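Visitor: The structure under discussion is supplied below as structure tokens; questions concerning it will follow.
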Amino acid sequence: MSDEARPDNGPDLTLGVTLADFGGRDMLRGHVGKKAVLLARVGDEILAVGASCTHYQGRLDRGALEGDTVRCPLHHACFSLRTGEAVAAPAFSPLSCWKVEREGARIVVREQLAPQPAPAQVALPDRPESIVIVGGGAAGFAAAELLRRRGYAGALTLFSAEADAPIDRPNLSKDYLHGGAPEGWMPLKGADFYEKNRIALHLSTTVARIDTDARMVVTADGARHSYDRLLIATGAEPMRLPIPGSGLPHVFTLRSIADSRAIIARAEGARTAVVLGSGFIGLEVAAALTKRGLGVHVVSLDARPLERVLGAELGDFIRALHEEKGEHFHMNTSIASIGAEAVTLADGTVIPADLVVIGVGVRPRLELAEAAGLAVDRGIVVNHRLETSAPGVYAAGDVARWPGADGESLRVEHWVVAERHGQVAAENMLGAGQTYRDVPFFWSGHHGTTIRYVGHAQGWDEIVVDGSIPGRDCAVRYRRGGRTLALATIGRDHEALEEARRLRAAG
Ligand SMILES: Cc1cc2nc3c(=O)[nH]c(=O)nc-3n(C[C@H](O)[C@H](O)[C@H](O)COP(=O)(O)OP(=O)(O)OC[C@H]3O[C@@H](n4cnc5c(N)ncnc54)[C@H](O)[C@@H]3O)c2cc1C
């Protein structure tokens with residue numbers, strides 16, 4: 001549906017519009033033939049680009065302008081209005097650009113411009129001959145993609161322990177798991193992308209050791225690969241619990257597409273499922289399995305789902321969303337044992353379970369960094385430029401702990417953060433000296449209700465709710481010492497973008 005004319009595509013821009021048609025806003029969505037086009041006012045200029053985000057087709061006119069860029073309201077991808085370039089993840093493909101003509105007071109668009117090449121790094125201070133990336137996930141992919149976009153011409157090697165090329169991991173517990181997203185949606189890029197961009201993608205290949213003195217990585221089969229710059233983007237792995245029966249074949253964790261496929265295969269023909277854990281992934285899995293027609297029970301040690309991240313009121317609301325769809329919650333308890341057809345809770349309750357998913361959190365994969373002697377403190381310690389303690393070695397994504405505002409260090413598990421880390425690390429491996437200062441952002445979907453969250457609140461002394469949580473129209477602010485640290489929204493995507501802008505400016 002990207003860029004196709006829809007009934008709400010606004011005026012025909014070949015006939016022209018006037019500034020009055022903007023209705024006081026700084027963006028206007030119109031169309032040229034079947035293509036939806038966004039007009040944006042930047043100072044006295046009017047710029048025109050494709051109107052839909054190239055990530056998940058969010059309507060950019062509902063997003064936010066920032067200088068000569070526009071941000072998508074869905075997942076906060078950022079595009080240049082001048083060149084169409086996807087300047088910040090999660091989008092990687094550019095928008096189309098259109099010629100704007102003035103005919104008196106009328107602003108007319110008729111002609112699509114030729115694609116503009118992405119700006120290469122000018123006058124690279126550093127000229128590495130070989131770059132190695134360990135990790136084929138969000139951060140590793142985003143780094144590799146941007147290195148080539150910036151004109152890096154040297155050797156580029158990407159190692160991934162997974163059998164599949166980098167995929168849209170957040171979808172593994174959402175549309176893909178419930179059957180609403182075909183396989184074709186999942187790869188971040190097709191196989192030809194890696195070939196065309198000369199990215200040596202080694203799948204099912206585990207890096208076993210890093211030798212920072214020799215600037216070498218060694219894979220599990222003993223092969224040695226030298227690097228001038230190295231990016232460690234090994235992500236995180238699901239935690240497993242020593243529960244009797246957790247090794248049975250119908251017990252799963254979820255991180256890779258192989259895991260998601262295995263859960264789907266088991267769900268076919270299954271009638272009941274138990275999900276251990278009431279965090280984002282556990283609840284999304286519960287929703288997907290419910291949608292597949294299974295009777296789902298959620299078991300959690302917590303008193304409320306998501307309370308530590310979102311607070312009690314939002315946690316209760318999300319629980320109610322799941323209960324409305326028939327899911328059962330067993331809080332303040334855990335699974336004592338798992339049998340072939342049922343689980344037994346700590347209080348002796350027996351719940352039938354043809355399928356069990358353990359979603360009790362993840363731990364960052366730090367072993368390589370630890371063994372290589374890098375500074376590690378509940379994450380690989382990096383500076384503002386995402387450099388580790390070893391020269392030429394960077395870390396990004398779920399593994400990285402970076403200095404945030406107020407000197408507080410951060411390590412988060414968010415898709416967009418990992419991708420933007422990867423992008424900043426890529427620029428810096430080429431000597432750009434960029435500081436990472438983005439505001440964390442994540443989203444999570446629960447039976448059709450999406451929560452967006454910007455900022456990072458590790459604790460708060462008040463929660464201020466504007467609007468109605470049950471009405472699915474709210475902005476929930478997490479505040480400490482009179483300052484907003486983070487904001488969660490439902491149905492207020494634009495407000496989340498504005499808060500992110502404010503937090504960026506304050507940081
Ligand atoms: C089911 C699910 C749903 C999610 N939903 C959301 C969401 O809705 N919103 C959100 O913001 N975030 C979500 N996340 C979190 C998000 O996916 C992660 O934050 C993100 O993937 C982290 O990216 P990364 O590159 O750091 O790690 P990953 O994407 O995990 O990639 C790490 C890569 O490193 C490889 N690797 C590890 N060790 C080695 C080694 N020694 N040698 C070679 N390769 C190695 C792994 O195989 C993998 O390819 C979700 C995660 C999951 C699992």
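Chain labels follow the order of the structure tokens: the first chain is A, the next B, and so on; residue numbering restarts at 1 in every chain, and ligands are counted from 1 in their shown order.
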Can you tell me, as a PyMOL selection string, what residues are no more than 10 Å from A:Ser444 when counting only C-alpha atoms, ignoring any on the same chain fewer than 4 positions away?

Guide: chain A and resi 170+173-174+280-281+283-284+448-453

Visitor: Any chance you could export the current selection's C-alpha atoms as a PDB file, in the first residue's frame?

Guide:
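Result written to selection-v6.pdb:
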ATOM      1  CA  PRO A 170      10.120  -7.600  17.083  1.00  0.00           C
ATOM      2  CA  SER A 173       6.176 -12.272  18.891  1.00  0.00           C
ATOM      3  CA  LYS A 174       3.587 -10.232  16.966  1.00  0.00           C
ATOM      4  CA  PHE A 280       6.459  -7.474  26.931  1.00  0.00           C
ATOM      5  CA  ILE A 281       7.572 -10.571  25.037  1.00  0.00           C
ATOM      6  CA  LEU A 283       2.439 -11.005  26.884  1.00  0.00           C
ATOM      7  CA  GLU A 284       2.858 -10.583  23.134  1.00  0.00           C
ATOM      8  CA  GLY A 448      -4.489  -4.295  18.786  1.00  0.00           C
ATOM      9  CA  THR A 449      -3.512  -1.682  21.381  1.00  0.00           C
ATOM     10  CA  THR A 450      -0.021  -0.268  20.918  1.00  0.00           C
ATOM     11  CA  ILE A 451       1.969   1.398  23.671  1.00  0.00           C
ATOM     12  CA  ARG A 452       4.790   3.713  22.666  1.00  0.00           C
ATOM     13  CA  TYR A 453       7.433   4.708  25.196  1.00  0.00           C
TER      14      TYR A 453
END

Visitor: List all protein, DNA and RNA residues that have any atom at most 6 Å from ligand 1, counting only C-alpha atoms and all ligand atoms, and write the list as a ChimeraX atom specification.

Guide: /A:134-140,159-162,169-170,172-173,205-208,233-236,254-255,281,397-399,413-416,418,442-444

Visitor: Hey, what's within 12 Å of A:Gly279 if we count only C-alpha atoms and toss same-chain stuff fewer than 2 positions away? As a ChimeraX atom specification, please?

Guide: /A:275-277,281-286,298-310,315,318-319,358-362,444-446

Visitor: What's around stretch 36-50 of chain A at 10 Å? Count only C-alpha atoms, leave out sequence neighbours fewer than 2 positions away in its own chain, and write the answer as a PDB file with N, CA and C atoms, in the first residue's frame.

Guide:
ATOM      1  N   SER A   2       2.211   1.105   0.107  1.00  0.00           N
ATOM      2  CA  SER A   2       3.034   2.301   0.215  1.00  0.00           C
ATOM      3  C   SER A   2       2.800   3.241  -0.955  1.00  0.00           C
ATOM      4  N   ASP A   3       2.585   4.501  -0.639  1.00  0.00           N
ATOM      5  CA  ASP A   3       2.478   5.560  -1.632  1.00  0.00           C
ATOM      6  C   ASP A   3       1.326   5.389  -2.609  1.00  0.00           C
ATOM      7  N   GLU A   4       0.485   4.395  -2.459  1.00  0.00           N
ATOM      8  CA  GLU A   4      -0.663   4.261  -3.350  1.00  0.00           C
ATOM      9  C   GLU A   4      -1.742   5.257  -2.946  1.00  0.00           C
ATOM     10  N   ALA A   5      -2.521   5.708  -3.942  1.00  0.00           N
ATOM     11  CA  ALA A   5      -3.591   6.646  -3.617  1.00  0.00           C
ATOM     12  C   ALA A   5      -4.671   5.929  -2.811  1.00  0.00           C
ATOM     13  N   ARG A   6      -5.079   6.511  -1.712  1.00  0.00           N
ATOM     14  CA  ARG A   6      -6.171   5.978  -0.903  1.00  0.00           C
ATOM     15  C   ARG A   6      -7.214   7.074  -0.816  1.00  0.00           C
ATOM     16  N   ASP A   8      -8.105   8.788   1.526  1.00  0.00           N
ATOM     17  CA  ASP A   8      -7.727   9.903   2.381  1.00  0.00           C
ATOM     18  C   ASP A   8      -6.428  10.554   1.917  1.00  0.00           C
ATOM     19  N   ASN A   9      -6.166  10.456   0.652  1.00  0.00           N
ATOM     20  CA  ASN A   9      -4.884  10.965   0.176  1.00  0.00           C
ATOM     21  C   ASN A   9      -4.843  12.457  -0.061  1.00  0.00           C
ATOM     22  N   GLY A  10      -5.924  13.154   0.224  1.00  0.00           N
ATOM     23  CA  GLY A  10      -5.901  14.612   0.160  1.00  0.00           C
ATOM     24  C   GLY A  10      -5.955  15.141  -1.255  1.00  0.00           C
ATOM     25  N   PRO A  11      -5.599  16.407  -1.397  1.00  0.00           N
ATOM     26  CA  PRO A  11      -5.777  17.064  -2.688  1.00  0.00           C
ATOM     27  C   PRO A  11      -4.858  16.532  -3.786  1.00  0.00           C
ATOM     28  N   ASP A  12      -5.310  16.764  -5.011  1.00  0.00           N
ATOM     29  CA  ASP A  12      -4.505  16.415  -6.186  1.00  0.00           C
ATOM     30  C   ASP A  12      -3.446  17.511  -6.353  1.00  0.00           C
ATOM     31  N   LEU A  13      -2.193  17.166  -6.104  1.00  0.00           N
ATOM     32  CA  LEU A  13      -1.142  18.191  -6.097  1.00  0.00           C
ATOM     33  C   LEU A  13      -0.780  18.660  -7.496  1.00  0.00           C
ATOM     34  N   VAL A  17      -2.052  23.471  -4.604  1.00  0.00           N
ATOM     35  CA  VAL A  17      -2.692  23.860  -3.339  1.00  0.00           C
ATOM     36  C   VAL A  17      -2.113  25.223  -2.947  1.00  0.00           C
ATOM     37  N   LEU A  19      -1.070  27.823   0.596  1.00  0.00           N
ATOM     38  CA  LEU A  19      -0.676  27.677   2.003  1.00  0.00           C
ATOM     39  C   LEU A  19      -1.899  27.541   2.902  1.00  0.00           C
ATOM     40  N   PHE A  22      -2.974  24.166   4.013  1.00  0.00           N
ATOM     41  CA  PHE A  22      -2.258  23.482   5.093  1.00  0.00           C
ATOM     42  C   PHE A  22      -3.034  23.577   6.416  1.00  0.00           C
ATOM     43  N   ARG A  25      -1.189  23.837   9.730  1.00  0.00           N
ATOM     44  CA  ARG A  25      -0.199  22.787  10.031  1.00  0.00           C
ATOM     45  C   ARG A  25       1.032  22.979   9.130  1.00  0.00           C
ATOM     46  N   ASP A  26       2.107  22.272   9.451  1.00  0.00           N
ATOM     47  CA  ASP A  26       3.281  22.451   8.604  1.00  0.00           C
ATOM     48  C   ASP A  26       3.460  21.311   7.607  1.00  0.00           C
ATOM     49  N   MET A  27       2.495  20.379   7.583  1.00  0.00           N
ATOM     50  CA  MET A  27       2.578  19.292   6.596  1.00  0.00           C
ATOM     51  C   MET A  27       1.203  19.068   5.976  1.00  0.00           C
ATOM     52  N   LEU A  28       1.235  18.655   4.709  1.00  0.00           N
ATOM     53  CA  LEU A  28      -0.014  18.370   4.004  1.00  0.00           C
ATOM     54  C   LEU A  28       0.195  17.140   3.144  1.00  0.00           C
ATOM     55  N   ARG A  29      -0.735  16.173   3.294  1.00  0.00           N
ATOM     56  CA  ARG A  29      -0.649  14.978   2.463  1.00  0.00           C
ATOM     57  C   ARG A  29      -1.553  15.152   1.254  1.00  0.00           C
ATOM     58  N   GLY A  30      -0.984  14.980   0.065  1.00  0.00           N
ATOM     59  CA  GLY A  30      -1.779  15.047  -1.164  1.00  0.00           C
ATOM     60  C   GLY A  30      -1.385  13.902  -2.065  1.00  0.00           C
ATOM     61  N   HIS A  31      -1.759  13.966  -3.328  1.00  0.00           N
ATOM     62  CA  HIS A  31      -1.326  12.894  -4.227  1.00  0.00           C
ATOM     63  C   HIS A  31      -1.010  13.411  -5.615  1.00  0.00           C
ATOM     64  N   VAL A  32      -0.170  12.651  -6.290  1.00  0.00           N
ATOM     65  CA  VAL A  32       0.173  12.906  -7.693  1.00  0.00           C
ATOM     66  C   VAL A  32      -0.121  11.593  -8.404  1.00  0.00           C
ATOM     67  N   GLY A  33      -1.189  11.583  -9.182  1.00  0.00           N
ATOM     68  CA  GLY A  33      -1.632  10.308  -9.747  1.00  0.00           C
ATOM     69  C   GLY A  33      -1.947   9.358  -8.607  1.00  0.00           C
ATOM     70  N   LYS A  34      -1.316   8.165  -8.653  1.00  0.00           N
ATOM     71  CA  LYS A  34      -1.593   7.176  -7.600  1.00  0.00           C
ATOM     72  C   LYS A  34      -0.620   7.275  -6.425  1.00  0.00           C
ATOM     73  N   SER A  52       4.626   8.117   2.868  1.00  0.00           N
ATOM     74  CA  SER A  52       4.531   6.978   3.792  1.00  0.00           C
ATOM     75  C   SER A  52       5.920   6.491   4.175  1.00  0.00           C
ATOM     76  N   CYS A  53       6.086   6.196   5.445  1.00  0.00           N
ATOM     77  CA  CYS A  53       7.358   5.679   5.948  1.00  0.00           C
ATOM     78  C   CYS A  53       7.712   4.385   5.214  1.00  0.00           C
ATOM     79  N   THR A  54       8.989   4.204   4.900  1.00  0.00           N
ATOM     80  CA  THR A  54       9.393   2.999   4.172  1.00  0.00           C
ATOM     81  C   THR A  54       9.606   1.809   5.116  1.00  0.00           C
ATOM     82  N   ARG A  59       1.930   7.077   8.345  1.00  0.00           N
ATOM     83  CA  ARG A  59       1.624   8.333   7.647  1.00  0.00           C
ATOM     84  C   ARG A  59       2.492   9.450   8.195  1.00  0.00           C
ATOM     85  N   LEU A  60       3.383   9.942   7.355  1.00  0.00           N
ATOM     86  CA  LEU A  60       4.358  10.929   7.830  1.00  0.00           C
ATOM     87  C   LEU A  60       3.710  12.270   8.155  1.00  0.00           C
ATOM     88  N   ASP A  61       2.565  12.578   7.527  1.00  0.00           N
ATOM     89  CA  ASP A  61       1.904  13.854   7.847  1.00  0.00           C
ATOM     90  C   ASP A  61       1.394  13.849   9.289  1.00  0.00           C
ATOM     91  N   LEU A  65       7.852  17.319  12.241  1.00  0.00           N
ATOM     92  CA  LEU A  65       8.978  17.934  11.544  1.00  0.00           C
ATOM     93  C   LEU A  65      10.026  18.341  12.572  1.00  0.00           C
ATOM     94  N   GLU A  66      11.270  18.163  12.203  1.00  0.00           N
ATOM     95  CA  GLU A  66      12.359  18.632  13.056  1.00  0.00           C
ATOM     96  C   GLU A  66      13.433  19.157  12.115  1.00  0.00           C
ATOM     97  N   GLY A  67      13.576  20.472  12.013  1.00  0.00           N
ATOM     98  CA  GLY A  67      14.480  21.048  11.017  1.00  0.00           C
ATOM     99  C   GLY A  67      14.000  20.631   9.637  1.00  0.00           C
ATOM    100  N   ASP A  68      14.927  20.108   8.824  1.00  0.00           N
ATOM    101  CA  ASP A  68      14.499  19.634   7.509  1.00  0.00           C
ATOM    102  C   ASP A  68      14.383  18.107   7.466  1.00  0.00           C
ATOM    103  N   THR A  69      13.926  17.558   8.603  1.00  0.00           N
ATOM    104  CA  THR A  69      13.654  16.119   8.644  1.00  0.00           C
ATOM    105  C   THR A  69      12.222  15.895   9.130  1.00  0.00           C
ATOM    106  N   VAL A  70      11.727  14.689   8.834  1.00  0.00           N
ATOM    107  CA  VAL A  70      10.405  14.316   9.340  1.00  0.00           C
ATOM    108  C   VAL A  70      10.534  12.966  10.041  1.00  0.00           C
ATOM    109  N   PHE A  79      13.573  10.875   8.304  1.00  0.00           N
ATOM    110  CA  PHE A  79      13.960  11.042   6.898  1.00  0.00           C
ATOM    111  C   PHE A  79      14.356  12.488   6.629  1.00  0.00           C
ATOM    112  N   SER A  80      15.307  12.658   5.705  1.00  0.00           N
ATOM    113  CA  SER A  80      15.630  14.001   5.221  1.00  0.00           C
ATOM    114  C   SER A  80      14.548  14.424   4.223  1.00  0.00           C
ATOM    115  N   LEU A  81      14.023  15.627   4.401  1.00  0.00           N
ATOM    116  CA  LEU A  81      13.026  16.131   3.447  1.00  0.00           C
ATOM    117  C   LEU A  81      13.706  16.626   2.176  1.00  0.00           C
ATOM    118  N   ARG A  82      15.014  16.849   2.218  1.00  0.00           N
ATOM    119  CA  ARG A  82      15.722  17.348   1.028  1.00  0.00           C
ATOM    120  C   ARG A  82      16.155  16.229   0.104  1.00  0.00           C
ATOM    121  N   THR A  83      16.614  15.120   0.712  1.00  0.00           N
ATOM    122  CA  THR A  83      17.148  14.039  -0.126  1.00  0.00           C
ATOM    123  C   THR A  83      16.304  12.769  -0.043  1.00  0.00           C
ATOM    124  N   GLY A  84      15.385  12.712   0.899  1.00  0.00           N
ATOM    125  CA  GLY A  84      14.589  11.503   1.103  1.00  0.00           C
ATOM    126  C   GLY A  84      15.322  10.449   1.917  1.00  0.00           C
ATOM    127  N   PRO A  94      15.081   4.987   1.256  1.00  0.00           N
ATOM    128  CA  PRO A  94      14.741   6.414   1.178  1.00  0.00           C
ATOM    129  C   PRO A  94      13.304   6.649   0.717  1.00  0.00           C
ATOM    130  N   LEU A  95      12.826   7.863   0.960  1.00  0.00           N
ATOM    131  CA  LEU A  95      11.543   8.306   0.403  1.00  0.00           C
ATOM    132  C   LEU A  95      11.796   8.822  -1.008  1.00  0.00           C
ATOM    133  N   SER A  96      10.764   8.786  -1.832  1.00  0.00           N
ATOM    134  CA  SER A  96      10.877   9.435  -3.139  1.00  0.00           C
ATOM    135  C   SER A  96      10.908  10.953  -2.926  1.00  0.00           C
ATOM    136  N   CYS A  97      11.556  11.663  -3.857  1.00  0.00           N
ATOM    137  CA  CYS A  97      11.600  13.139  -3.785  1.00  0.00           C
ATOM    138  C   CYS A  97      10.872  13.710  -4.989  1.00  0.00           C
ATOM    139  N   TRP A  98      10.210  14.835  -4.795  1.00  0.00           N
ATOM    140  CA  TRP A  98       9.365  15.428  -5.839  1.00  0.00           C
ATOM    141  C   TRP A  98       9.726  16.886  -6.041  1.00  0.00           C
ATOM    142  N   LYS A  99       9.557  17.337  -7.308  1.00  0.00           N
ATOM    143  CA  LYS A  99       9.849  18.733  -7.645  1.00  0.00           C
ATOM    144  C   LYS A  99       8.652  19.596  -7.262  1.00  0.00           C
ATOM    145  N   VAL A 100       8.936  20.690  -6.533  1.00  0.00           N
ATOM    146  CA  VAL A 100       7.872  21.613  -6.132  1.00  0.00           C
ATOM    147  C   VAL A 100       7.941  22.846  -7.023  1.00  0.00           C
ATOM    148  N   GLU A 101       6.829  23.172  -7.689  1.00  0.00           N
ATOM    149  CA  GLU A 101       6.784  24.366  -8.548  1.00  0.00           C
ATOM    150  C   GLU A 101       5.811  25.364  -7.943  1.00  0.00           C
ATOM    151  N   ARG A 102       6.124  26.637  -8.100  1.00  0.00           N
ATOM    152  CA  ARG A 102       5.225  27.695  -7.636  1.00  0.00           C
ATOM    153  C   ARG A 102       4.584  28.336  -8.850  1.00  0.00           C
ATOM    154  N   ILE A 107       1.001  25.972  -5.110  1.00  0.00           N
ATOM    155  CA  ILE A 107       2.152  25.064  -4.981  1.00  0.00           C
ATOM    156  C   ILE A 107       1.762  23.803  -5.749  1.00  0.00           C
ATOM    157  N   VAL A 109       2.843  20.090  -7.679  1.00  0.00           N
ATOM    158  CA  VAL A 109       3.802  18.980  -7.768  1.00  0.00           C
ATOM    159  C   VAL A 109       3.361  18.070  -8.903  1.00  0.00           C
ATOM    160  N   GLN A 112       8.323  13.457 -10.280  1.00  0.00           N
ATOM    161  CA  GLN A 112       9.177  12.768  -9.292  1.00  0.00           C
ATOM    162  C   GLN A 112      10.637  12.940  -9.701  1.00  0.00           C
ATOM    163  N   LEU A 113      11.491  13.255  -8.762  1.00  0.00           N
ATOM    164  CA  LEU A 113      12.907  13.471  -9.083  1.00  0.00           C
ATOM    165  C   LEU A 113      13.656  12.138  -9.084  1.00  0.00           C
TER     166      LEU A 113
END

Visitor: Restricting the calculation to only C-alpha atoms, which member of A:Ala395, A:Ala336, A:Ile264, A:Ala214 is positioned closest to A:Val376?

Guide: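 Checking each of A:Ala395, A:Ala336, A:Ile264, A:Ala214 against A:Val376, counting only C-alpha atoms, the winner is A:Ala395.
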
Visitor: Atom CA of A:Leu74 and atom CA of A:Gln57 are how many Å apart?

Guide: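 Computing the Euclidean distance for atom CA of A:Leu74 and atom CA of A:Gln57 yields 8.7 Å.
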
Visitor: Residues near stretch 459-466 of chain A, anyone? I mean within 8 Å using only C-alpha atoms, not counting same-chain ones fewer than 3 positions away, as a list in words.

Guide: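 Once the nearby chain positions are removed, what remains is Gly311, Ile469, Cys474, Ala475, Val476, Arg477, Tyr478, Arg479, Arg480 and Gly481 of chain A.
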
Visitor: With C-alpha atoms retained, write the just-selected residues as a compact mmCIF listing (two decimals), in the first residue's frame.

Guide:
# COMPACT_ATOMS: atom_id res chain seq x y z
CA GLY A 311 3.47 1.46 36.70
CA ILE A 469 -6.04 4.82 30.02
CA CYS A 474 -3.50 8.79 27.20
CA ALA A 475 -0.07 10.17 27.91
CA VAL A 476 1.51 8.73 31.05
CA ARG A 477 4.51 10.65 32.37
CA TYR A 478 7.12 9.14 34.70
CA ARG A 479 8.61 11.97 36.76
CA ARG A 480 11.38 12.30 39.30
CA GLY A 481 12.30 15.50 41.13

Visitor: Of the candidates A:Tyr56, A:Tyr152, A:Tyr227, A:Tyr176, which shows the shortest atom-to-atom distance to A:Ser260, using only C-alpha atoms?

Guide: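 Ranked by minimum distance to A:Ser260, first place goes to A:Tyr176.
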